[in-house]
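The structure file input.cif is reproduced below (mmCIF, C-alpha atoms).
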```cif
data_upload
#
loop_
_atom_site.label_atom_id
_atom_site.label_comp_id
_atom_site.auth_asym_id
_atom_site.auth_seq_id
_atom_site.Cartn_x
_atom_site.Cartn_y
_atom_site.Cartn_z
CA MET A 1 -64.57 -212.90 14.20
CA LYS A 2 -67.16 -210.17 14.59
CA ILE A 3 -66.84 -209.08 18.21
CA SER A 4 -68.77 -206.42 20.11
CA VAL A 5 -67.24 -205.21 23.36
CA LEU A 6 -69.90 -203.81 25.69
CA GLY A 7 -68.38 -201.34 28.11
CA CYS A 8 -65.70 -198.81 27.26
CA GLY A 9 -64.00 -198.11 30.57
CA ARG A 10 -60.40 -199.00 31.31
CA TRP A 11 -60.71 -202.72 30.61
CA GLY A 12 -63.45 -202.53 28.00
CA SER A 13 -61.43 -200.15 25.84
CA CYS A 14 -58.29 -202.26 26.28
CA ILE A 15 -60.12 -205.41 25.20
CA ALA A 16 -61.49 -203.68 22.10
CA TRP A 17 -58.00 -202.35 21.29
CA TYR A 18 -56.42 -205.77 21.79
CA LEU A 19 -58.95 -207.76 19.77
CA ASP A 20 -58.66 -205.26 16.93
CA LYS A 21 -54.87 -205.51 17.13
CA ILE A 22 -55.06 -209.27 16.52
CA ARG A 23 -57.27 -208.62 13.51
CA HIS A 24 -60.80 -209.24 14.68
CA ASN A 25 -63.71 -207.07 13.48
CA VAL A 26 -64.47 -205.02 16.60
CA MET A 27 -67.21 -202.67 17.73
CA SER A 28 -66.80 -200.77 21.00
CA CYS A 29 -70.21 -200.08 22.52
CA GLY A 30 -71.03 -197.90 25.51
CA LEU A 31 -73.78 -195.85 27.07
CA ALA A 32 -74.36 -192.63 25.15
CA ASP A 33 -74.25 -190.49 28.30
CA ALA A 34 -71.26 -192.19 29.94
CA PRO A 35 -68.19 -189.91 30.19
CA GLU A 36 -65.90 -192.73 29.03
CA PHE A 37 -67.98 -193.28 25.90
CA ILE A 38 -68.29 -189.57 25.13
CA GLN A 39 -64.53 -189.16 25.33
CA LEU A 40 -63.86 -192.11 23.04
CA GLU A 41 -66.50 -191.07 20.53
CA LYS A 42 -65.13 -187.52 20.32
CA THR A 43 -61.39 -188.17 20.43
CA ARG A 44 -60.94 -191.95 19.92
CA LYS A 45 -58.65 -191.73 22.96
CA ASN A 46 -58.79 -192.17 26.71
CA ASP A 47 -56.22 -192.04 29.50
CA TYR A 48 -54.79 -195.41 28.47
CA LEU A 49 -54.84 -195.83 24.70
CA GLU A 50 -55.97 -194.62 21.29
CA TYR A 51 -58.41 -196.47 19.04
CA PRO A 52 -57.35 -197.11 15.45
CA ALA A 53 -59.81 -196.21 12.70
CA SER A 54 -60.74 -199.89 12.30
CA ILE A 55 -62.69 -199.97 15.59
CA GLU A 56 -66.31 -198.90 15.22
CA ILE A 57 -67.69 -196.89 18.16
CA SER A 58 -71.41 -196.96 18.87
CA SER A 59 -74.00 -196.50 21.62
CA ASP A 60 -76.53 -198.62 19.70
CA LEU A 61 -76.88 -201.77 21.82
CA LYS A 62 -79.15 -203.55 19.34
CA LYS A 63 -76.68 -203.00 16.53
CA ALA A 64 -73.81 -204.20 18.71
CA VAL A 65 -75.65 -207.39 19.69
CA ASP A 66 -77.07 -208.18 16.26
CA ARG A 67 -73.73 -207.93 14.45
CA ALA A 68 -71.71 -209.98 16.90
CA GLU A 69 -70.55 -213.57 16.90
CA VAL A 70 -68.96 -212.89 20.28
CA ILE A 71 -70.21 -210.39 22.87
CA VAL A 72 -67.59 -209.37 25.42
CA ILE A 73 -68.99 -207.61 28.49
CA SER A 74 -66.71 -205.48 30.64
CA ILE A 75 -68.61 -203.32 33.12
CA SER A 76 -68.95 -202.95 36.89
CA SER A 77 -69.96 -206.37 38.18
CA GLN A 78 -72.78 -205.11 40.39
CA TYR A 79 -74.54 -203.65 37.34
CA LEU A 80 -74.37 -206.83 35.25
CA ARG A 81 -77.90 -207.99 36.05
CA SER A 82 -79.55 -204.68 35.13
CA TYR A 83 -77.46 -204.50 31.94
CA MET A 84 -78.39 -208.05 31.00
CA GLU A 85 -82.05 -207.09 31.24
CA GLN A 86 -81.40 -204.75 28.32
CA ILE A 87 -79.14 -207.12 26.40
CA ALA A 88 -81.60 -210.01 26.72
CA GLU A 89 -84.27 -208.02 24.89
CA HIS A 90 -82.35 -208.96 21.72
CA ASN A 91 -81.86 -212.38 20.15
CA LEU A 92 -78.76 -213.97 21.68
CA ASP A 93 -79.11 -217.44 20.16
CA GLY A 94 -75.89 -218.65 18.57
CA LYS A 95 -73.78 -215.92 20.12
CA ILE A 96 -70.99 -216.41 22.67
CA ILE A 97 -70.97 -214.20 25.76
CA VAL A 98 -67.56 -213.58 27.31
CA LEU A 99 -67.30 -211.88 30.70
CA CYS A 100 -64.10 -209.90 31.15
CA MET A 101 -64.92 -208.63 34.63
CA LYS A 102 -64.25 -209.83 38.16
CA GLY A 103 -66.76 -209.91 40.97
CA VAL A 104 -69.57 -211.72 42.73
CA GLU A 105 -73.11 -210.34 42.81
CA ALA A 106 -73.43 -208.95 46.34
CA ALA A 107 -77.22 -209.21 46.51
CA THR A 108 -77.33 -212.93 45.66
CA GLY A 109 -73.83 -214.35 46.07
CA LYS A 110 -73.98 -215.56 42.47
CA ARG A 111 -70.95 -215.81 40.25
CA LEU A 112 -71.22 -213.57 37.21
CA SER A 113 -71.70 -216.47 34.80
CA GLU A 114 -74.63 -217.56 36.99
CA VAL A 115 -76.15 -214.10 36.60
CA ILE A 116 -75.96 -214.52 32.82
CA GLU A 117 -77.56 -217.97 33.12
CA ASP A 118 -80.64 -216.27 34.56
CA PHE A 119 -81.20 -214.70 31.13
CA VAL A 120 -80.01 -217.19 28.51
CA ASP A 121 -80.09 -220.86 27.62
CA GLU A 122 -76.43 -221.86 27.80
CA ASN A 123 -77.01 -224.55 25.18
CA LYS A 124 -77.93 -221.79 22.71
CA THR A 125 -75.77 -218.99 24.11
CA PRO A 126 -72.51 -220.31 25.57
CA ILE A 127 -70.92 -218.33 28.41
CA ALA A 128 -67.21 -217.91 29.05
CA VAL A 129 -65.04 -215.87 31.41
CA TRP A 130 -61.75 -214.11 30.63
CA VAL A 131 -59.63 -213.63 33.77
CA GLY A 132 -56.04 -213.23 34.89
CA PRO A 133 -53.34 -210.60 35.33
CA GLY A 134 -52.42 -207.52 33.32
CA HIS A 135 -52.97 -203.80 33.04
CA PRO A 136 -53.86 -201.76 29.94
CA GLN A 137 -50.90 -199.50 30.69
CA ASP A 138 -48.58 -202.51 30.16
CA TYR A 139 -50.34 -204.05 27.18
CA VAL A 140 -50.26 -200.86 25.13
CA LYS A 141 -46.49 -200.75 25.70
CA GLY A 142 -46.17 -204.27 24.33
CA ILE A 143 -45.47 -205.90 27.71
CA PRO A 144 -46.92 -209.44 27.52
CA ASN A 145 -48.79 -211.46 30.11
CA CYS A 146 -50.78 -214.68 30.56
CA MET A 147 -54.54 -215.03 31.07
CA VAL A 148 -57.23 -217.71 31.28
CA ILE A 149 -60.49 -218.37 29.44
CA ASP A 150 -62.89 -220.75 31.13
CA SER A 151 -66.36 -222.08 30.36
CA ASN A 152 -68.61 -225.06 30.96
CA ASN A 153 -68.47 -225.53 27.17
CA ILE A 154 -65.17 -227.21 26.33
CA SER A 155 -65.26 -226.56 22.57
CA ILE A 156 -66.12 -222.89 23.07
CA LYS A 157 -63.28 -222.15 25.48
CA LYS A 158 -60.81 -223.93 23.22
CA LYS A 159 -62.08 -221.93 20.25
CA LEU A 160 -61.77 -218.63 22.13
CA VAL A 161 -58.26 -219.42 23.33
CA GLU A 162 -57.20 -220.22 19.77
CA GLU A 163 -58.80 -217.04 18.41
CA PHE A 164 -57.54 -214.68 21.15
CA THR A 165 -53.99 -215.91 21.83
CA SER A 166 -51.14 -213.81 20.49
CA GLU A 167 -47.57 -212.82 21.32
CA LEU A 168 -48.99 -210.18 23.66
CA ILE A 169 -51.36 -212.41 25.66
CA ARG A 170 -50.86 -216.15 26.07
CA PHE A 171 -54.17 -217.71 27.03
CA TYR A 172 -54.61 -220.94 28.96
CA ILE A 173 -57.73 -223.11 28.89
CA GLY A 174 -59.39 -223.02 32.28
CA THR A 175 -60.67 -226.26 33.76
CA ASP A 176 -62.65 -225.00 36.76
CA LEU A 177 -65.25 -222.30 36.11
CA ILE A 178 -66.15 -221.97 39.80
CA GLY A 179 -62.52 -221.55 40.82
CA SER A 180 -61.70 -219.22 37.95
CA GLU A 181 -64.53 -216.85 38.85
CA ILE A 182 -64.21 -216.93 42.64
CA GLY A 183 -60.42 -216.70 42.49
CA ALA A 184 -60.54 -213.73 40.11
CA ALA A 185 -63.13 -211.91 42.20
CA ALA A 186 -61.42 -212.59 45.52
CA LYS A 187 -58.01 -211.26 44.49
CA ASN A 188 -59.54 -207.77 44.48
CA VAL A 189 -60.41 -208.11 48.16
CA VAL A 190 -56.85 -209.19 48.90
CA GLY A 191 -55.74 -206.20 46.82
CA ILE A 192 -57.61 -203.85 49.14
CA ALA A 193 -55.92 -205.52 52.11
CA ALA A 194 -52.54 -205.00 50.44
CA GLY A 195 -53.28 -201.33 49.93
CA MET A 196 -54.21 -200.96 53.58
CA LEU A 197 -50.85 -202.50 54.53
CA ASP A 198 -49.12 -200.02 52.22
CA GLY A 199 -51.01 -197.18 53.85
CA LEU A 200 -49.94 -198.34 57.31
CA GLY A 201 -46.33 -198.74 56.22
CA TYR A 202 -46.57 -202.51 56.71
CA THR A 203 -45.64 -203.48 53.15
CA SER A 204 -43.39 -206.32 54.38
CA LEU A 205 -46.55 -208.14 55.51
CA LYS A 206 -47.66 -208.62 51.93
CA GLY A 207 -45.80 -211.93 51.69
CA ALA A 208 -47.87 -213.36 54.52
CA LEU A 209 -51.00 -211.81 53.01
CA MET A 210 -50.32 -213.55 49.72
CA ALA A 211 -49.77 -216.95 51.36
CA ARG A 212 -52.71 -216.83 53.75
CA GLY A 213 -55.04 -215.04 51.33
CA THR A 214 -54.56 -217.74 48.73
CA ARG A 215 -55.10 -220.43 51.33
CA GLU A 216 -58.43 -219.09 52.56
CA ILE A 217 -59.76 -218.51 49.05
CA SER A 218 -58.81 -222.07 48.13
CA ARG A 219 -61.02 -223.26 51.02
CA LEU A 220 -63.95 -221.24 49.72
CA ILE A 221 -63.51 -222.51 46.16
CA LYS A 222 -63.53 -226.10 47.42
CA ALA A 223 -66.65 -225.50 49.53
CA LEU A 224 -68.46 -224.12 46.47
CA GLY A 225 -67.64 -227.23 44.46
CA GLY A 226 -64.54 -226.04 42.62
CA ASN A 227 -60.92 -227.17 42.57
CA GLU A 228 -59.01 -225.56 45.45
CA MET A 229 -55.84 -225.55 43.33
CA SER A 230 -57.40 -222.88 41.09
CA ALA A 231 -56.55 -220.32 43.79
CA TYR A 232 -52.88 -220.98 43.04
CA GLY A 233 -53.32 -220.35 39.32
CA LEU A 234 -53.53 -217.30 37.08
CA CYS A 235 -57.05 -216.34 38.17
CA HIS A 236 -55.92 -215.57 41.74
CA LEU A 237 -52.31 -215.98 42.91
CA GLY A 238 -51.07 -215.30 39.38
CA ASP A 239 -52.87 -211.95 39.46
CA TYR A 240 -51.33 -210.82 42.75
CA GLU A 241 -48.48 -208.78 41.28
CA ALA A 242 -50.90 -206.72 39.20
CA THR A 243 -53.30 -206.29 42.13
CA LEU A 244 -51.22 -206.19 45.34
CA PHE A 245 -48.16 -204.29 44.09
CA SER A 246 -48.91 -202.33 40.93
CA PRO A 247 -49.40 -198.55 41.19
CA TRP A 248 -52.17 -199.01 38.61
CA SER A 249 -54.24 -201.39 40.77
CA HIS A 250 -57.50 -199.68 41.70
CA ASN A 251 -58.13 -202.04 44.60
CA ARG A 252 -54.67 -201.61 46.11
CA LYS A 253 -54.96 -197.85 45.72
CA TYR A 254 -58.42 -197.86 47.29
CA GLY A 255 -57.08 -199.62 50.38
CA GLU A 256 -54.10 -197.30 50.68
CA GLU A 257 -56.21 -194.15 50.36
CA TYR A 258 -58.79 -195.53 52.80
CA VAL A 259 -56.14 -195.85 55.52
CA LYS A 260 -54.91 -192.34 54.78
CA GLY A 261 -58.44 -190.97 55.06
CA ASN A 262 -58.70 -190.06 51.38
CA LYS A 263 -61.52 -190.92 49.00
CA PHE A 264 -60.62 -192.98 45.93
CA GLU A 265 -63.00 -192.09 43.12
CA LYS A 266 -62.39 -194.93 40.64
CA LEU A 267 -64.03 -198.35 40.63
CA ALA A 268 -62.65 -200.82 43.17
CA GLU A 269 -64.56 -204.08 42.64
CA GLY A 270 -63.15 -205.57 45.83
CA VAL A 271 -65.39 -203.41 48.04
CA MET A 272 -68.68 -205.08 47.14
CA THR A 273 -66.95 -208.40 46.53
CA SER A 274 -65.84 -208.42 50.17
CA LYS A 275 -69.49 -208.28 51.17
CA ALA A 276 -70.43 -211.09 48.78
CA LEU A 277 -67.56 -213.33 49.94
CA TYR A 278 -68.26 -212.59 53.60
CA ASN A 279 -71.83 -213.82 53.10
CA LEU A 280 -70.68 -216.90 51.16
CA GLY A 281 -68.24 -217.75 53.94
CA LYS A 282 -71.05 -217.66 56.49
CA LYS A 283 -73.42 -219.61 54.24
CA TYR A 284 -70.94 -222.40 53.54
CA ASN A 285 -69.25 -222.30 56.97
CA VAL A 286 -65.82 -221.45 55.55
CA GLU A 287 -63.30 -219.59 57.68
CA LEU A 288 -62.22 -216.44 55.77
CA PRO A 289 -60.33 -214.29 58.29
CA ILE A 290 -58.84 -211.83 55.79
CA VAL A 291 -62.12 -211.37 53.91
CA ASP A 292 -63.92 -210.96 57.24
CA ALA A 293 -61.44 -208.32 58.37
CA ILE A 294 -61.84 -206.27 55.18
CA TYR A 295 -65.62 -206.56 55.37
CA SER A 296 -65.59 -205.43 58.99
CA VAL A 297 -63.47 -202.38 58.15
CA LEU A 298 -65.47 -201.34 55.10
CA PHE A 299 -69.00 -202.11 56.27
CA ASN A 300 -68.81 -202.01 60.07
CA ASP A 301 -66.33 -199.12 60.36
CA GLU A 302 -63.84 -201.17 62.35
CA ASN A 303 -60.43 -199.54 62.75
CA VAL A 304 -57.87 -201.03 60.35
CA LYS A 305 -55.23 -201.58 63.02
CA THR A 306 -57.80 -203.21 65.31
CA ALA A 307 -58.85 -205.59 62.53
CA LEU A 308 -55.21 -206.43 61.85
CA SER A 309 -54.53 -207.06 65.54
CA LYS A 310 -57.44 -209.50 65.69
CA LEU A 311 -55.88 -211.49 62.85
CA PHE A 312 -52.66 -211.82 64.82
CA ILE A 313 -54.24 -212.93 68.10
CA ARG A 314 -56.43 -215.66 66.57
CA SER A 315 -55.96 -219.15 68.02
CA VAL A 316 -52.93 -221.11 66.85
CA LYS A 317 -53.48 -222.96 63.55
CA ASN A 318 -51.62 -225.42 61.36
CA GLU A 319 -50.36 -223.71 58.21
CA PHE A 320 -51.93 -226.40 56.00
#
```

With the file now loaded, output its structure as structure tokens.
Amino acid sequence: MKISVLGCGRWGSCIAWYLDKIRHNVMSCGLADAPEFIQLEKTRKNDYLEYPASIEISSDLKKAVDRAEVIVISISSQYLRSYMEQIAEHNLDGKIIVLCMKGVEAATGKRLSEVIEDFVDENKTPIAVWVGPGHPQDYVKGIPNCMVIDSNNISIKKKLVEEFTSELIRFYIGTDLIGSEIGAAAKNVVGIAAGMLDGLGYTSLKGALMARGTREISRLIKALGGNEMSAYGLCHLGDYEATLFSPWSHNRKYGEEYVKGNKFEKLAEGVMTSKALYNLGKKYNVELPIVDAIYSVLFNDENVKTALSKLFIRSVKNEF
């Protein structure tokens, strides 16, 4: 398939590398003035991998869109709407848009596929999401993992799974787009919480964080109309190792450095996602104590230990 990957950061470059590896015709497209693009264009390398000669590198968005059967977008989630304004200037009929990014639009509370729906007719331009665990640092070493592709369009998600599955990534067909997107976005907030525990020296609390974090996100998914069991799948719980424990997790590292008083310069999607989920919890009257605690720390400057103490002195609850 002719695939254009829009975005050439850590995940965007890995996706382009992977899809080329399994013999698709790939273009890697980025902004001409972005440092990540400049580095790839000059050296065909970044901190994670090296592009083979078969991958075309371009900053020409029109060319990337026009040539593609499938457009994979992998950028910061809060910039998706403004980027789609540019993408939608071109004819997208008959093309498949795949979002390989995890977040919720903070300004509106919309899932990322809903943001895309504001610009395209899904009957003409199907939308899918690609979520689940893994790090580029592992994939380039040949360490396999499992991921999920979900969509409202059954035939499209089956086609993508068939085209993208390999010995390196086993894809499953998602059956709950709401749960897949909310679960994938929310695990980054839990990742920040895990990093804060690491920073405090409370790593042994991560087990409880995993259990209770999954439980509260399942409640939110159900309230939004999804299947609460999705929180226990690859989109959320299945991504915890890569997010709550890995030294390569940006969100975990952000939380750890925050507690230590250091600034983490790389993208941590969980920061703005905590704000979006906090607002969704209030809107749909869903109790999200861990999300609320992270939001309070990041946006209301509450002390981390104070926020943690409040979680422990909440009224007694049934576990399920």

As a check of understanding, name the residues that the PyMOL selection byres ((chain A and resi 196) around 9) selects in the supplied structure, as a ChimeraX atom specification. /A:191-195,197-203,252-260,304

Take the PyMOL selection byres ((chain A and resi 176) around 10), run it mentally on this structure, and tell me the resulting residues as a ChimeraX atom specification. /A:150-152,173-175,177-181,221,225-230

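Take atom CA of A:Leu234 and atom CA of A:Met147: the distance between them is 6.5 Å.
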
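For the structure shown here, the set of residues caught by the PyMOL selection byres ((chain A and resi 22) around 12) is Met1, Ile3, Ile15, Ala16, Trp17, Tyr18, Leu19, Asp20, Lys21, Arg23, His24, Asn25, Val26, Ser54, Glu162, Glu163, Phe164, Thr165, Ser166, Glu167, Leu168 and Ile169 of chain A.
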
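One finds atom CA of A:Phe320 at 25.2 Å from atom CA of A:Ser296.
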
Got a sec: who's within 10 Å of A:Met27, counting all atoms listed in the file, leaving out chain neighbours fewer than 4 positions off, as a ChimeraX atom specification? /A:2-6,16-17,19-20,54-59,63-65,67-68,71

Out of A:Lys110, A:Gly270, A:Val104, A:Phe119, which residue has the shortest atom-to-atom distance to A:Glu85 when counting all atoms listed in the file? A:Phe119

Counting only C-alpha atoms, which residues of stretch 205-276 of chain A fall within 8 Å of stretch 127-142 of chain A, and what is the closest atom pair for each with its distance in Å at one decimal, ordered by chain and rising number, as JSON lines?
```
{"residue": "A:Leu234", "atom": "CA", "partner": "A:Gly132", "partner_atom": "CA", "distance": 5.3}
{"residue": "A:Cys235", "atom": "CA", "partner": "A:Gly132", "partner_atom": "CA", "distance": 4.6}
{"residue": "A:His236", "atom": "CA", "partner": "A:Gly132", "partner_atom": "CA", "distance": 7.2}
{"residue": "A:Gly238", "atom": "CA", "partner": "A:Pro133", "partner_atom": "CA", "distance": 6.6}
{"residue": "A:Asp239", "atom": "CA", "partner": "A:Pro133", "partner_atom": "CA", "distance": 4.4}
{"residue": "A:Tyr240", "atom": "CA", "partner": "A:Pro133", "partner_atom": "CA", "distance": 7.7}
{"residue": "A:Glu241", "atom": "CA", "partner": "A:Pro133", "partner_atom": "CA", "distance": 7.9}
{"residue": "A:Ala242", "atom": "CA", "partner": "A:Pro133", "partner_atom": "CA", "distance": 6.0}
{"residue": "A:Trp248", "atom": "CA", "partner": "A:His135", "partner_atom": "CA", "distance": 7.4}
```

For stretch 204-305 of chain A versus stretch 312-316 of chain A, which residues have an atom no more than 12 Å away, and what is each residue's nearest atom pair and distance in Å rounded to one decimal, using all atoms listed in the file, chain-then-number order, as JSON lines?
```
{"residue": "A:Leu205", "atom": "CA", "partner": "A:Phe312", "partner_atom": "CA", "distance": 11.7}
{"residue": "A:Ala208", "atom": "CA", "partner": "A:Phe312", "partner_atom": "CA", "distance": 11.5}
{"residue": "A:Leu209", "atom": "CA", "partner": "A:Phe312", "partner_atom": "CA", "distance": 11.9}
{"residue": "A:Glu287", "atom": "CA", "partner": "A:Arg314", "partner_atom": "CA", "distance": 11.9}
{"residue": "A:Pro289", "atom": "CA", "partner": "A:Arg314", "partner_atom": "CA", "distance": 9.3}
{"residue": "A:Ile290", "atom": "CA", "partner": "A:Phe312", "partner_atom": "CA", "distance": 10.9}
{"residue": "A:Ala293", "atom": "CA", "partner": "A:Phe312", "partner_atom": "CA", "distance": 11.4}
{"residue": "A:Lys305", "atom": "CA", "partner": "A:Phe312", "partner_atom": "CA", "distance": 10.7}
```

Across A:Lys158, A:Lys95, A:His250, A:Arg215, the smallest distance to A:Val271, with all atoms listed in the file counted, is shown by A:His250

For the contact check between stretch 179-217 of chain A and stretch 275-281 of chain A, emit one row per residue of stretch 179-217 of chain A within 12 Å, containing the shortest atom pair and the distance in Å rounded to one decimal, counting only C-alpha atoms, chain then rising number order, as a Markdown table.
```
| residue | atom | partner | partner_atom | distance |
| --- | --- | --- | --- | --- |
| A:Ile182 | CA | A:Leu277 | CA | 8.8 |
| A:Gly183 | CA | A:Leu277 | CA | 10.9 |
| A:Ala185 | CA | A:Leu277 | CA | 9.0 |
| A:Ala186 | CA | A:Leu277 | CA | 7.6 |
| A:Lys187 | CA | A:Leu277 | CA | 11.2 |
| A:Asn188 | CA | A:Leu277 | CA | 11.2 |
| A:Val189 | CA | A:Leu277 | CA | 9.0 |
| A:Val190 | CA | A:Leu277 | CA | 11.5 |
| A:Glu216 | CA | A:Gly281 | CA | 10.0 |
| A:Ile217 | CA | A:Leu277 | CA | 9.4 |
```

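We find atom CA of A:Lys206 and atom CA of A:Leu311 to be spaced 14.0 Å apart.
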